[in-house]
Amino acid sequence: MAEIGFYHLTRSTLEQALPRLLGRVLALPARALVLCASGERLRALDDALWTCPEPDWLPHGTCDAEVQPIFLTLEDAPPANGAQHLFLTDGARSAHLGLYQRVFDLFDGGDAAQLEAARERWRAARAAGHALSYWRQTAKGWERG
């Protein structure tokens, strides 16, 4: 079973928060897969990772998965890059949660639909027996709830 962290974005956008979380994964060192719910979001995150100020270098890509430390994709498939960390955006769901050591489910706390959908994903993950944690952005950073 995976350890799934639900990350409630309240102080920044996904494009602002994701680079720092990915930077921590790369520092482990480990690899990540970012599952996007739309092509538009994938392109926005790809741009954000190239231009983020901190960390200033996040090696990633959207093709040739096996060589990418961070792979951005629309397809829910086993991680070709050997990722142990899965990032779910905009309500994306994976049928492969058990293949990952850690899953990050990031959602916009200012969007009522995303908030309710995250609650539904929490209930489903709990029923499936995954270890769950809840993180909320505060002025000091991420706080476990």
# chains A, B, ... in the order shown; residues from 1 in each chain; ligands from 1
call {"tool": "residues_around", "arguments": {"residues": "Ala30 of chain A", "least_positions_apart": "3", "cutoff": "9 Å", "atoms": "only C-alpha atoms", "output": "compact mmCIF listing (two decimals) with C-alpha atoms, in the first residue's frame"}}
result
# COMPACT_ATOMS: atom_id res chain seq x y z
CA ARG A 24 12.62 17.64 -2.25
CA VAL A 25 12.02 14.36 -4.06
CA LEU A 26 15.07 14.86 -6.30
CA ALA A 27 17.17 15.70 -3.22
CA PRO A 69 14.04 12.19 -13.31
CA GLY A 82 11.34 4.04 -12.08
CA ALA A 83 9.54 6.73 -10.06
CA GLN A 84 8.67 5.93 -6.47
CA HIS A 85 6.80 9.21 -6.03
call {"tool": "closest_residue", "arguments": {"among": "A:Ala92, A:Leu99, A:Ala44, A:Leu22", "to": "His60 of chain A", "atoms": "only C-alpha atoms"}}
result
A:Leu22
call {"tool": "select_by_dssp", "arguments": {"residues": "segment 20-62 of chain A", "states": "strand (DSSP E or B)", "output": "JSON, numbers by chain"}}
result
{"A": [32, 33, 34, 35, 60, 61]}
call {"tool": "write_last_selection", "arguments": {"atoms": "C-alpha atoms", "output": "CSV table (one decimal), in the first residue's frame"}}
result
chain,number,residue,atom,x,y,z
A,32,ALA,CA,8.8,11.3,-9.7
A,33,LEU,CA,5.9,11.0,-12.1
A,34,VAL,CA,3.4,13.8,-12.4
A,35,LEU,CA,0.0,12.7,-13.7
A,60,HIS,CA,12.1,16.8,-16.4
A,61,GLY,CA,10.3,16.0,-19.6
call {"tool": "residues_around", "arguments": {"residues": "Arg126 of chain A", "least_positions_apart": "6", "cutoff": "12 Å", "atoms": "only C-alpha atoms", "output": "PyMOL selection string"}}
result
chain A and resi 1-6+119-120+132-133
call {"tool": "write_last_selection", "arguments": {"atoms": "N, CA and C atoms", "output": "compact mmCIF listing (two decimals), in the first residue's frame"}}
result
# COMPACT_ATOMS: atom_id res chain seq x y z
N MET A 1 0.83 -1.19 0.00
CA MET A 1 0.00 0.00 0.00
C MET A 1 0.87 1.25 0.00
N ALA A 2 0.39 2.26 -0.62
CA ALA A 2 1.13 3.51 -0.73
C ALA A 2 0.80 4.42 0.44
N GLU A 3 1.73 5.32 0.73
CA GLU A 3 1.47 6.42 1.65
C GLU A 3 0.98 7.58 0.80
N ILE A 4 -0.25 8.01 1.03
CA ILE A 4 -0.85 9.07 0.22
C ILE A 4 -1.00 10.32 1.07
N GLY A 5 -0.39 11.39 0.61
CA GLY A 5 -0.52 12.69 1.26
C GLY A 5 -1.44 13.58 0.43
N PHE A 6 -2.44 14.13 1.08
CA PHE A 6 -3.34 15.07 0.43
C PHE A 6 -2.85 16.47 0.75
N ARG A 119 -12.09 15.08 -1.05
CA ARG A 119 -12.72 14.33 0.06
C ARG A 119 -13.16 12.94 -0.40
N GLU A 120 -13.69 12.87 -1.61
CA GLU A 120 -14.10 11.57 -2.16
C GLU A 120 -12.88 10.67 -2.37
N LEU A 132 -2.78 7.35 5.04
CA LEU A 132 -3.14 8.70 4.60
C LEU A 132 -2.59 9.77 5.53
N SER A 133 -2.28 10.92 4.92
CA SER A 133 -1.92 12.10 5.70
C SER A 133 -2.50 13.32 4.98
call {"tool": "closest_residue", "arguments": {"among": "A:Leu21, A:Leu58, A:Leu28, A:Leu9", "to": "Gln114 of chain A", "atoms": "only C-alpha atoms"}}
result
A:Leu9
call {"tool": "residues_around", "arguments": {"residues": "Cys36 of chain A", "least_positions_apart": "2", "cutoff": "7 Å", "atoms": "only C-alpha atoms", "output": "list in words"}}
result
Val34, Ser38, Arg41, Leu42, Thr73, Leu74, Leu88, Thr89, Asp90 and Ala92 of chain A
call {"tool": "select_by_dssp", "arguments": {"residues": "segment 37-144 of chain A", "states": "helix (DSSP H, G or I)", "output": "PyMOL selection string"}}
result
chain A and resi 39-51+65-67+97-99+112-127
call {"tool": "closest_residue", "arguments": {"among": "A:Ala112, A:Glu75, A:Gly39, A:Pro19", "to": "Pro59 of chain A", "atoms": "only C-alpha atoms"}}
result
A:Pro19
call {"tool": "closest_residue", "arguments": {"among": "A:Leu45, A:Cys63, A:Ala37, A:Ala80", "to": "Arg93 of chain A", "atoms": "only C-alpha atoms"}}
result
A:Ala37
call {"tool": "residues_around", "arguments": {"residues": "Trp57 of chain A", "least_positions_apart": "6", "cutoff": "10 Å", "atoms": "only C-alpha atoms", "output": "mmCIF file with N, CA and C atoms, in the first residue's frame"}}
result
data_model
loop_
_atom_site.group_PDB
_atom_site.id
_atom_site.type_symbol
_atom_site.label_atom_id
_atom_site.label_comp_id
_atom_site.auth_asym_id
_atom_site.auth_seq_id
_atom_site.Cartn_x
_atom_site.Cartn_y
_atom_site.Cartn_z
ATOM 1 N N PRO A 19 7.014 22.787 -7.841
ATOM 2 C CA PRO A 19 8.479 22.736 -7.979
ATOM 3 C C PRO A 19 9.219 22.466 -6.666
ATOM 4 N N GLY A 23 11.480 19.283 -5.946
ATOM 5 C CA GLY A 23 12.874 19.494 -5.556
ATOM 6 C C GLY A 23 13.260 18.642 -4.362
ATOM 7 N N LEU A 49 8.024 24.356 -14.451
ATOM 8 C CA LEU A 49 9.231 23.684 -13.972
ATOM 9 C C LEU A 49 10.488 24.217 -14.640
ATOM 10 N N TRP A 50 10.363 24.726 -15.871
ATOM 11 C CA TRP A 50 11.529 25.324 -16.529
ATOM 12 C C TRP A 50 11.833 26.714 -15.998
ATOM 13 N N THR A 51 10.828 27.415 -15.504
ATOM 14 C CA THR A 51 11.024 28.816 -15.126
ATOM 15 C C THR A 51 10.975 29.086 -13.627
#
call {"tool": "closest_residue", "arguments": {"among": "A:Phe71, A:Tyr100, A:Phe107, A:Phe87", "to": "Thr13 of chain A", "atoms": "only C-alpha atoms"}}
result
A:Phe107
call {"tool": "residues_around", "arguments": {"residues": "His8 of chain A", "least_positions_apart": "3", "cutoff": "10 Å", "atoms": "only C-alpha atoms", "output": "number ranges by chain"}}
result
A: 5, 11-12, 105-110, 114-115, 118, 134-138, 142-143
